[in-house]
Amino acid sequence: EPEWKEAPPPRTAGERAERRRALGVPLASLPRAHPAPRALLEERGRATVEQALEFWPRAYQDRTEVRRVAELRPGEEGIVLVTVGHARLQRMRSGKPMLKVGAADPTGPVELVFFNPPPWRARQFQQGDTLLAWGKVTEGFGRRRQMTQPEVEKVHAGDSSSFGRIVPVYPGPADYQHPALRKLMKRLVDEAAPLVPDDLPPEARARRGLLSRARALREAHFPPAGTDVALAAARATPAFRRLIYEELFFLQLALARRRRGVRATPGIAFDASPEALRRAIAPLPFALTGAQERALAE
């Protein structure tokens with residue numbers, strides 16, 4: 001995979017504005033953007049490139065530690081890279097369908113079992129497909145390793161968005177929709193995130209030891225190798241620390257500007273002397289109640 005580099009800071013206000021316009025481009029205008037993942041983002045209010053970059057994952061999976069089938073142990077969870085041999089739709093005793101997918105790697109076979117699968121699931125597997133499968137391992141008939149209701153994803157040559165890295169799992173989509181969404185997000189991270197201007201003052205970034213916004217966006221979606229996936233899911237990584245700090249920084253700045261504005265604006269003085277109050281009350285066609293008298297006194 002080519003080395004990821006962020007662009008140098010914009011040199012002029014015009015260059016900054018141009019980058020802002022590029023980030024505001026609608027996803028619908030992106031060339032070669034698959035309509036299905038684009039629609040998933042738009043349905044969630046992420047209609048522009050910048051809004052899509054702020055669609056945070058809900059979880060992460062470490063796919064740098066892919067296991068061999070022979071290393072799988074019943075009762076443990078694991079990820080394997082296997083090739084499909086066959087897929088057979090059967091009936092359980094209850095009459096409900098069950099799909100069994102026979103797959104293997106050079107160290108041995110594993111059976112992927114899906115109960116009551118939807119119609120698209122049976123069409124998902126073709127002989128020779130390369131799959132990533134992850135789930136809890138059980139022991140089936142003849143002590144064959146099984147994964148029941150695993151998450152699966154087809155892997156294609158040169159696919160760097162779903163394999164050999166820590167990958168994001170986004171809110172909402174079904175597992176079969178994730179590869180396309182992940183691929184689109186990887187494209188945005190590679191092409192658009194490097195251009196994101198940094199609005200935090202450099203001295204604040206340096207004092208706090210914060211990442212640039214561009215790198216924080218990249219690592220929020222595709223964390224570097226060695227990242228603790230539990231910390232990433234809890235948004236406790238340097239990437240999210242930067243993004244959260246920025247949000248609080250500008251919230252505080254807005255509040256400070258509001259306070260300054262209140263102090264700088266002349267107030268309106270009202271005459272609340274006893275004589276002025278008597279003049280205000282005199283025309284009323286009714287007597288004030290005790291509660292109203294006390295409120296007025298306060």
# chains A, B, ... in the order shown; residues from 1 in each chain; ligands from 1
>>> residues_around(residues="region 223-230 of chain A", least_positions_apart="3", cutoff="10 Å", atoms="only C-alpha atoms", output="PyMOL selection string")
chain A and resi 59-64+164-168+216-220+233-239
>>> residues_around(residues="region 129-146 of chain A", least_positions_apart="3", cutoff="10 Å", atoms="only C-alpha atoms", output="NGL selection string")
:A and (61 or 63 or 66-67 or 69-70 or 72-86 or 100-105 or 108-113 or 124-126 or 149-157 or 162-163)
>>> select_by_dssp(residues="region 46-253 of chain A", states="strand (DSSP E)", output="PyMOL selection string")
chain A and resi 59-62+77-91+97-105+108-115+130-139+145-148+151-154+166-169
>>> closest_residue(among="A:Arg58, A:Arg213, A:Arg121, A:His34", to="Ala232 (chain A)", atoms="only C-alpha atoms")
A:Arg58
>>> residues_around(residues="Gly209 (chain A)", least_positions_apart="2", cutoff="12 Å", atoms="only C-alpha atoms", output="PyMOL selection string")
chain A and resi 202-207+211-212+238-239+241-242+245
>>> write_last_selection(atoms="N, CA and C atoms", output="compact mmCIF listing (two decimals), in the first residue's frame")
# COMPACT_ATOMS: atom_id res chain seq x y z
N PRO A 202 -1.38 26.05 16.11
CA PRO A 202 -0.23 25.14 16.23
C PRO A 202 0.32 25.04 17.64
N GLU A 203 0.31 26.15 18.38
CA GLU A 203 0.85 26.10 19.74
C GLU A 203 -0.01 25.24 20.66
N ALA A 204 -1.33 25.24 20.43
CA ALA A 204 -2.21 24.38 21.23
C ALA A 204 -1.95 22.91 20.91
N ARG A 205 -1.77 22.59 19.64
CA ARG A 205 -1.46 21.21 19.24
C ARG A 205 -0.15 20.76 19.86
N ALA A 206 0.87 21.62 19.77
CA ALA A 206 2.19 21.26 20.30
C ALA A 206 2.14 21.08 21.81
N ARG A 207 1.45 21.98 22.49
CA ARG A 207 1.40 21.93 23.96
C ARG A 207 0.71 20.65 24.44
N LEU A 211 -2.30 15.00 17.46
CA LEU A 211 -2.16 14.71 16.04
C LEU A 211 -2.77 15.85 15.21
N SER A 212 -2.38 15.93 13.95
CA SER A 212 -3.07 16.84 13.03
C SER A 212 -4.48 16.30 12.80
N PRO A 238 -5.16 8.20 20.51
CA PRO A 238 -4.70 9.56 20.18
C PRO A 238 -5.55 10.23 19.10
N ALA A 239 -6.07 9.46 18.14
CA ALA A 239 -6.90 10.06 17.09
C ALA A 239 -8.15 10.68 17.68
N ARG A 241 -8.67 11.42 20.82
CA ARG A 241 -8.29 12.46 21.78
C ARG A 241 -8.18 13.80 21.06
N ARG A 242 -7.56 13.79 19.88
CA ARG A 242 -7.44 15.01 19.10
C ARG A 242 -8.81 15.54 18.68
N TYR A 245 -10.76 16.81 21.70
CA TYR A 245 -10.19 18.07 22.18
C TYR A 245 -10.62 19.23 21.29
>>> select_by_dssp(residues="region 118-226 of chain A", states="alpha helix (DSSP H)", output="MDAnalysis selection string")
chainID A and resid 119:122 178:191 202:208 213:221
>>> write_last_selection(atoms="C-alpha atoms", output="CSV table (one decimal), in the first residue's frame")
chain,number,residue,atom,x,y,z
A,119,PRO,CA,-32.0,-16.0,0.0
A,120,TRP,CA,-29.0,-13.8,-0.8
A,121,ARG,CA,-26.8,-15.8,1.6
A,122,ALA,CA,-27.1,-19.0,-0.4
A,178,HIS,CA,-19.4,-3.7,5.1
A,179,PRO,CA,-16.8,-4.4,2.4
A,180,ALA,CA,-18.2,-1.8,0.0
A,181,LEU,CA,-18.7,0.8,2.7
A,182,ARG,CA,-15.2,0.2,4.1
A,183,LYS,CA,-13.8,0.5,0.6
A,184,LEU,CA,-15.5,3.8,0.0
A,185,MET,CA,-14.3,5.1,3.4
A,186,LYS,CA,-10.8,4.0,2.6
A,187,ARG,CA,-10.9,6.0,-0.6
A,188,LEU,CA,-12.1,9.1,1.3
A,189,VAL,CA,-9.4,8.7,3.9
A,190,ASP,CA,-6.8,8.3,1.2
A,191,GLU,CA,-8.0,11.0,-1.2
A,202,PRO,CA,-0.2,25.1,16.2
A,203,GLU,CA,0.9,26.1,19.7
A,204,ALA,CA,-2.2,24.4,21.2
A,205,ARG,CA,-1.5,21.2,19.2
A,206,ALA,CA,2.2,21.3,20.3
A,207,ARG,CA,1.4,21.9,24.0
A,208,ARG,CA,-1.1,19.0,24.1
A,213,ARG,CA,-6.8,16.7,12.1
A,214,ALA,CA,-5.9,14.9,8.8
A,215,ARG,CA,-4.0,12.1,10.6
A,216,ALA,CA,-6.6,11.9,13.3
A,217,LEU,CA,-9.4,11.4,10.7
A,218,ARG,CA,-7.3,8.6,9.1
A,219,GLU,CA,-6.5,6.8,12.3
A,220,ALA,CA,-10.1,7.1,13.6
A,221,HIS,CA,-11.1,5.0,10.6
>>> closest_atom_pairs(of="region 180-296 of chain A", to="region 15-28 of chain A", cutoff="9 Å", atoms="only C-alpha atoms", output="Markdown table")
| residue | atom | partner | partner_atom | distance |
| --- | --- | --- | --- | --- |
| A:Ala192 | CA | A:Leu23 | CA | 6.9 |
| A:Ala193 | CA | A:Leu23 | CA | 8.6 |
| A:Leu195 | CA | A:Arg19 | CA | 6.4 |
| A:Val196 | CA | A:Arg19 | CA | 7.0 |
| A:Pro197 | CA | A:Arg16 | CA | 6.8 |
>>> write_last_selection(atoms="N, CA, C and O atoms", output="PDB file, in the first residue's frame")
ATOM      1  N   ALA A 192      -9.276  12.370   0.405  1.00  0.00           N
ATOM      2  CA  ALA A 192      -9.813  13.633   0.929  1.00  0.00           C
ATOM      3  C   ALA A 192      -9.206  14.034   2.269  1.00  0.00           C
ATOM      4  O   ALA A 192      -8.924  15.215   2.494  1.00  0.00           O
ATOM      5  N   ALA A 193      -8.993  13.071   3.172  1.00  0.00           N
ATOM      6  CA  ALA A 193      -8.483  13.413   4.502  1.00  0.00           C
ATOM      7  C   ALA A 193      -7.154  14.168   4.460  1.00  0.00           C
ATOM      8  O   ALA A 193      -6.951  15.092   5.263  1.00  0.00           O
ATOM      9  N   LEU A 195      -6.225  16.493   2.694  1.00  0.00           N
ATOM     10  CA  LEU A 195      -6.441  17.896   2.357  1.00  0.00           C
ATOM     11  C   LEU A 195      -7.111  18.688   3.469  1.00  0.00           C
ATOM     12  O   LEU A 195      -7.262  19.907   3.368  1.00  0.00           O
ATOM     13  N   VAL A 196      -7.547  18.002   4.543  1.00  0.00           N
ATOM     14  CA  VAL A 196      -8.315  18.672   5.598  1.00  0.00           C
ATOM     15  C   VAL A 196      -7.437  19.725   6.281  1.00  0.00           C
ATOM     16  O   VAL A 196      -6.370  19.408   6.809  1.00  0.00           O
ATOM     17  N   PRO A 197      -7.852  21.010   6.266  1.00  0.00           N
ATOM     18  CA  PRO A 197      -7.061  22.037   6.965  1.00  0.00           C
ATOM     19  C   PRO A 197      -7.190  21.882   8.471  1.00  0.00           C
ATOM     20  O   PRO A 197      -8.180  21.351   8.975  1.00  0.00           O
TER      21      PRO A 197
END
>>> atom_distance(atom1="CA of Val49 (chain A)", atom2="CA of Pro10 (chain A)")
18.7 Å
>>> residues_around(residues="region 269-286 of chain A", least_positions_apart="6", cutoff="12 Å", atoms="only C-alpha atoms", output="mmCIF file with all heavy atoms, in the first residue's frame")
data_model
loop_
_atom_site.group_PDB
_atom_site.id
_atom_site.type_symbol
_atom_site.label_atom_id
_atom_site.label_comp_id
_atom_site.auth_asym_id
_atom_site.auth_seq_id
_atom_site.Cartn_x
_atom_site.Cartn_y
_atom_site.Cartn_z
ATOM 1 N N GLN A 292 -48.296 38.160 43.816
ATOM 2 C CA GLN A 292 -47.787 39.149 42.870
ATOM 3 C C GLN A 292 -47.049 40.282 43.598
ATOM 4 O O GLN A 292 -46.032 40.766 43.111
ATOM 5 C CB GLN A 292 -48.951 39.719 42.037
ATOM 6 C CG GLN A 292 -49.509 38.717 41.034
ATOM 7 C CD GLN A 292 -50.798 39.187 40.406
ATOM 8 O OE1 GLN A 292 -51.536 39.976 40.987
ATOM 9 N NE2 GLN A 292 -51.080 38.669 39.203
ATOM 10 N N GLU A 293 -47.557 40.665 44.740
ATOM 11 C CA GLU A 293 -46.880 41.692 45.535
ATOM 12 C C GLU A 293 -45.474 41.217 45.948
ATOM 13 O O GLU A 293 -44.506 41.964 45.860
ATOM 14 C CB GLU A 293 -47.702 42.033 46.807
ATOM 15 C CG GLU A 293 -49.016 42.742 46.544
ATOM 16 C CD GLU A 293 -48.801 44.257 46.342
ATOM 17 O OE1 GLU A 293 -47.638 44.668 46.247
ATOM 18 O OE2 GLU A 293 -49.814 44.959 46.278
ATOM 19 N N LEU A 296 -43.157 41.154 42.959
ATOM 20 C CA LEU A 296 -42.749 42.501 42.596
ATOM 21 C C LEU A 296 -41.677 43.011 43.552
ATOM 22 O O LEU A 296 -40.689 43.644 43.151
ATOM 23 C CB LEU A 296 -43.983 43.430 42.621
ATOM 24 C CG LEU A 296 -43.829 44.781 41.945
ATOM 25 C CD1 LEU A 296 -43.495 44.612 40.472
ATOM 26 C CD2 LEU A 296 -45.117 45.583 42.092
ATOM 27 N N ALA A 297 -41.838 42.718 44.845
ATOM 28 C CA ALA A 297 -40.853 43.144 45.834
ATOM 29 C C ALA A 297 -39.494 42.489 45.579
ATOM 30 O O ALA A 297 -38.442 43.123 45.697
ATOM 31 C CB ALA A 297 -41.338 42.794 47.232
ATOM 32 N N GLU A 298 -39.555 41.208 45.206
ATOM 33 C CA GLU A 298 -38.283 40.521 44.902
ATOM 34 C C GLU A 298 -37.607 41.125 43.691
ATOM 35 O O GLU A 298 -36.390 41.217 43.625
ATOM 36 C CB GLU A 298 -38.540 39.027 44.685
ATOM 37 C CG GLU A 298 -38.923 38.310 45.981
ATOM 38 C CD GLU A 298 -39.378 36.847 45.713
ATOM 39 O OE1 GLU A 298 -39.321 36.424 44.528
ATOM 40 O OE2 GLU A 298 -39.776 36.179 46.671
#
>>> closest_residue(among="A:Gln177, A:Thr289, A:Gln127, A:Asn116", to="Thr148 (chain A)", atoms="only C-alpha atoms")
A:Asn116
>>> closest_residue(among="A:Phe240, A:Ala33, A:Gly95, A:Phe114", to="Glu54 (chain A)", atoms="only C-alpha atoms")
A:Phe240
>>> atom_distance(atom1="CA of Phe115 (chain A)", atom2="CA of Leu99 (chain A)")
6.5 Å
>>> decode(residues="region 113-127 of chain A", atoms="all heavy atoms", output="PDB file, in the first residue's frame")
ATOM      1  N   VAL A 113     -21.537 -22.545   9.124  1.00  0.00           N
ATOM      2  CA  VAL A 113     -22.939 -22.953   9.219  1.00  0.00           C
ATOM      3  C   VAL A 113     -23.813 -21.728   9.452  1.00  0.00           C
ATOM      4  O   VAL A 113     -23.555 -20.924  10.357  1.00  0.00           O
ATOM      5  CB  VAL A 113     -23.137 -23.970  10.368  1.00  0.00           C
ATOM      6  CG1 VAL A 113     -24.600 -24.409  10.436  1.00  0.00           C
ATOM      7  CG2 VAL A 113     -22.215 -25.171  10.177  1.00  0.00           C
ATOM      8  N   PHE A 114     -24.858 -21.605   8.629  1.00  0.00           N
ATOM      9  CA  PHE A 114     -25.797 -20.490   8.746  1.00  0.00           C
ATOM     10  C   PHE A 114     -27.209 -21.054   8.901  1.00  0.00           C
ATOM     11  O   PHE A 114     -27.678 -21.802   8.043  1.00  0.00           O
ATOM     12  CB  PHE A 114     -25.735 -19.596   7.505  1.00  0.00           C
ATOM     13  CG  PHE A 114     -24.373 -19.027   7.233  1.00  0.00           C
ATOM     14  CD1 PHE A 114     -23.451 -19.731   6.456  1.00  0.00           C
ATOM     15  CD2 PHE A 114     -24.010 -17.798   7.758  1.00  0.00           C
ATOM     16  CE1 PHE A 114     -22.197 -19.207   6.204  1.00  0.00           C
ATOM     17  CE2 PHE A 114     -22.747 -17.275   7.506  1.00  0.00           C
ATOM     18  CZ  PHE A 114     -21.836 -17.978   6.733  1.00  0.00           C
ATOM     19  N   PHE A 115     -27.876 -20.699  10.001  1.00  0.00           N
ATOM     20  CA  PHE A 115     -29.236 -21.166  10.237  1.00  0.00           C
ATOM     21  C   PHE A 115     -30.239 -20.188   9.634  1.00  0.00           C
ATOM     22  O   PHE A 115     -30.094 -18.969   9.759  1.00  0.00           O
ATOM     23  CB  PHE A 115     -29.501 -21.329  11.733  1.00  0.00           C
ATOM     24  CG  PHE A 115     -28.648 -22.386  12.376  1.00  0.00           C
ATOM     25  CD1 PHE A 115     -27.687 -22.042  13.314  1.00  0.00           C
ATOM     26  CD2 PHE A 115     -28.799 -23.728  12.038  1.00  0.00           C
ATOM     27  CE1 PHE A 115     -26.897 -23.018  13.908  1.00  0.00           C
ATOM     28  CE2 PHE A 115     -28.021 -24.707  12.618  1.00  0.00           C
ATOM     29  CZ  PHE A 115     -27.054 -24.353  13.551  1.00  0.00           C
ATOM     30  N   ASN A 116     -31.252 -20.745   8.991  1.00  0.00           N
ATOM     31  CA  ASN A 116     -32.338 -19.946   8.425  1.00  0.00           C
ATOM     32  C   ASN A 116     -31.804 -18.768   7.602  1.00  0.00           C
ATOM     33  O   ASN A 116     -32.181 -17.619   7.823  1.00  0.00           O
ATOM     34  CB  ASN A 116     -33.256 -19.437   9.555  1.00  0.00           C
ATOM     35  CG  ASN A 116     -34.646 -19.092   9.053  1.00  0.00           C
ATOM     36  OD1 ASN A 116     -35.094 -19.593   8.029  1.00  0.00           O
ATOM     37  ND2 ASN A 116     -35.311 -18.200   9.762  1.00  0.00           N
ATOM     38  N   PRO A 117     -30.935 -19.043   6.626  1.00  0.00           N
ATOM     39  CA  PRO A 117     -30.296 -17.944   5.892  1.00  0.00           C
ATOM     40  C   PRO A 117     -31.268 -17.269   4.929  1.00  0.00           C
ATOM     41  O   PRO A 117     -32.153 -17.913   4.366  1.00  0.00           O
ATOM     42  CB  PRO A 117     -29.187 -18.658   5.111  1.00  0.00           C
ATOM     43  CG  PRO A 117     -29.737 -20.032   4.895  1.00  0.00           C
ATOM     44  CD  PRO A 117     -30.523 -20.361   6.127  1.00  0.00           C
ATOM     45  N   PRO A 118     -31.114 -15.957   4.725  1.00  0.00           N
ATOM     46  CA  PRO A 118     -31.937 -15.280   3.701  1.00  0.00           C
ATOM     47  C   PRO A 118     -31.498 -15.743   2.314  1.00  0.00           C
ATOM     48  O   PRO A 118     -30.398 -16.295   2.148  1.00  0.00           O
ATOM     49  CB  PRO A 118     -31.614 -13.796   3.923  1.00  0.00           C
ATOM     50  CG  PRO A 118     -30.284 -13.782   4.599  1.00  0.00           C
ATOM     51  CD  PRO A 118     -30.204 -15.027   5.417  1.00  0.00           C
ATOM     52  N   PRO A 119     -32.327 -15.522   1.304  1.00  0.00           N
ATOM     53  CA  PRO A 119     -31.998 -16.021  -0.043  1.00  0.00           C
ATOM     54  C   PRO A 119     -30.643 -15.547  -0.571  1.00  0.00           C
ATOM     55  O   PRO A 119     -29.935 -16.294  -1.237  1.00  0.00           O
ATOM     56  CB  PRO A 119     -33.152 -15.490  -0.900  1.00  0.00           C
ATOM     57  CG  PRO A 119     -34.292 -15.322   0.053  1.00  0.00           C
ATOM     58  CD  PRO A 119     -33.670 -14.916   1.349  1.00  0.00           C
ATOM     59  N   TRP A 120     -30.261 -14.296  -0.271  1.00  0.00           N
ATOM     60  CA  TRP A 120     -28.998 -13.784  -0.809  1.00  0.00           C
ATOM     61  C   TRP A 120     -27.794 -14.530  -0.242  1.00  0.00           C
ATOM     62  O   TRP A 120     -26.753 -14.623  -0.881  1.00  0.00           O
ATOM     63  CB  TRP A 120     -28.855 -12.287  -0.564  1.00  0.00           C
ATOM     64  CG  TRP A 120     -28.882 -11.890   0.889  1.00  0.00           C
ATOM     65  CD1 TRP A 120     -29.951 -11.410   1.581  1.00  0.00           C
ATOM     66  CD2 TRP A 120     -27.792 -11.934   1.816  1.00  0.00           C
ATOM     67  NE1 TRP A 120     -29.604 -11.155   2.895  1.00  0.00           N
ATOM     68  CE2 TRP A 120     -28.281 -11.475   3.054  1.00  0.00           C
ATOM     69  CE3 TRP A 120     -26.461 -12.320   1.734  1.00  0.00           C
ATOM     70  CZ2 TRP A 120     -27.490 -11.388   4.196  1.00  0.00           C
ATOM     71  CZ3 TRP A 120     -25.659 -12.248   2.870  1.00  0.00           C
ATOM     72  CH2 TRP A 120     -26.170 -11.783   4.076  1.00  0.00           C
ATOM     73  N   ARG A 121     -27.953 -15.086   0.976  1.00  0.00           N
ATOM     74  CA  ARG A 121     -26.814 -15.754   1.605  1.00  0.00           C
ATOM     75  C   ARG A 121     -26.401 -16.993   0.809  1.00  0.00           C
ATOM     76  O   ARG A 121     -25.204 -17.258   0.625  1.00  0.00           O
ATOM     77  CB  ARG A 121     -27.170 -16.127   3.048  1.00  0.00           C
ATOM     78  CG  ARG A 121     -26.074 -16.863   3.795  1.00  0.00           C
ATOM     79  CD  ARG A 121     -24.903 -15.948   4.086  1.00  0.00           C
ATOM     80  NE  ARG A 121     -25.088 -15.202   5.307  1.00  0.00           N
ATOM     81  CZ  ARG A 121     -24.231 -14.291   5.767  1.00  0.00           C
ATOM     82  NH1 ARG A 121     -23.135 -14.024   5.061  1.00  0.00           N
ATOM     83  NH2 ARG A 121     -24.452 -13.633   6.873  1.00  0.00           N
ATOM     84  N   ALA A 122     -27.370 -17.754   0.321  1.00  0.00           N
ATOM     85  CA  ALA A 122     -27.053 -18.972  -0.429  1.00  0.00           C
ATOM     86  C   ALA A 122     -26.343 -18.641  -1.735  1.00  0.00           C
ATOM     87  O   ALA A 122     -25.555 -19.443  -2.241  1.00  0.00           O
ATOM     88  CB  ALA A 122     -28.328 -19.761  -0.698  1.00  0.00           C
ATOM     89  N   ARG A 123     -26.611 -17.454  -2.275  1.00  0.00           N
ATOM     90  CA  ARG A 123     -25.973 -17.057  -3.531  1.00  0.00           C
ATOM     91  C   ARG A 123     -24.625 -16.373  -3.313  1.00  0.00           C
ATOM     92  O   ARG A 123     -23.930 -16.032  -4.266  1.00  0.00           O
ATOM     93  CB  ARG A 123     -26.897 -16.108  -4.306  1.00  0.00           C
ATOM     94  CG  ARG A 123     -28.245 -16.711  -4.687  1.00  0.00           C
ATOM     95  CD  ARG A 123     -28.986 -15.806  -5.663  1.00  0.00           C
ATOM     96  NE  ARG A 123     -29.284 -14.504  -5.072  1.00  0.00           N
ATOM     97  CZ  ARG A 123     -30.412 -14.210  -4.417  1.00  0.00           C
ATOM     98  NH1 ARG A 123     -31.360 -15.137  -4.271  1.00  0.00           N
ATOM     99  NH2 ARG A 123     -30.615 -13.007  -3.926  1.00  0.00           N
ATOM    100  N   GLN A 124     -24.275 -16.167  -2.054  1.00  0.00           N
ATOM    101  CA  GLN A 124     -23.075 -15.397  -1.730  1.00  0.00           C
ATOM    102  C   GLN A 124     -21.788 -16.169  -2.009  1.00  0.00           C
ATOM    103  O   GLN A 124     -20.749 -15.574  -2.274  1.00  0.00           O
ATOM    104  CB  GLN A 124     -23.117 -14.974  -0.250  1.00  0.00           C
ATOM    105  CG  GLN A 124     -21.974 -14.070   0.173  1.00  0.00           C
ATOM    106  CD  GLN A 124     -22.087 -13.677   1.640  1.00  0.00           C
ATOM    107  OE1 GLN A 124     -22.799 -14.327   2.412  1.00  0.00           O
ATOM    108  NE2 GLN A 124     -21.377 -12.640   2.052  1.00  0.00           N
ATOM    109  N   PHE A 125     -21.843 -17.504  -1.942  1.00  0.00           N
ATOM    110  CA  PHE A 125     -20.627 -18.317  -1.983  1.00  0.00           C
ATOM    111  C   PHE A 125     -20.504 -19.066  -3.309  1.00  0.00           C
ATOM    112  O   PHE A 125     -21.430 -19.757  -3.727  1.00  0.00           O
ATOM    113  CB  PHE A 125     -20.628 -19.315  -0.827  1.00  0.00           C
ATOM    114  CG  PHE A 125     -20.791 -18.659   0.520  1.00  0.00           C
ATOM    115  CD1 PHE A 125     -22.014 -18.682   1.168  1.00  0.00           C
ATOM    116  CD2 PHE A 125     -19.732 -18.004   1.120  1.00  0.00           C
ATOM    117  CE1 PHE A 125     -22.175 -18.077   2.407  1.00  0.00           C
ATOM    118  CE2 PHE A 125     -19.884 -17.389   2.350  1.00  0.00           C
ATOM    119  CZ  PHE A 125     -21.105 -17.420   3.000  1.00  0.00           C
ATOM    120  N   GLN A 126     -19.350 -18.933  -3.927  1.00  0.00           N
ATOM    121  CA  GLN A 126     -19.037 -19.655  -5.151  1.00  0.00           C
ATOM    122  C   GLN A 126     -17.740 -20.427  -4.936  1.00  0.00           C
ATOM    123  O   GLN A 126     -16.843 -19.959  -4.218  1.00  0.00           O
ATOM    124  CB  GLN A 126     -18.861 -18.691  -6.334  1.00  0.00           C
ATOM    125  CG  GLN A 126     -20.059 -17.801  -6.606  1.00  0.00           C
ATOM    126  CD  GLN A 126     -21.288 -18.583  -7.047  1.00  0.00           C
ATOM    127  OE1 GLN A 126     -21.161 -19.595  -7.741  1.00  0.00           O
ATOM    128  NE2 GLN A 126     -22.461 -18.111  -6.650  1.00  0.00           N
ATOM    129  N   GLN A 127     -17.670 -21.598  -5.538  1.00  0.00           N
ATOM    130  CA  GLN A 127     -16.455 -22.396  -5.407  1.00  0.00           C
ATOM    131  C   GLN A 127     -15.238 -21.590  -5.852  1.00  0.00           C
ATOM    132  O   GLN A 127     -15.246 -20.947  -6.894  1.00  0.00           O
ATOM    133  CB  GLN A 127     -16.565 -23.681  -6.238  1.00  0.00           C
ATOM    134  CG  GLN A 127     -15.400 -24.638  -6.033  1.00  0.00           C
ATOM    135  CD  GLN A 127     -15.599 -25.936  -6.800  1.00  0.00           C
ATOM    136  OE1 GLN A 127     -16.504 -26.042  -7.635  1.00  0.00           O
ATOM    137  NE2 GLN A 127     -14.780 -26.933  -6.532  1.00  0.00           N
TER     138      GLN A 127
END
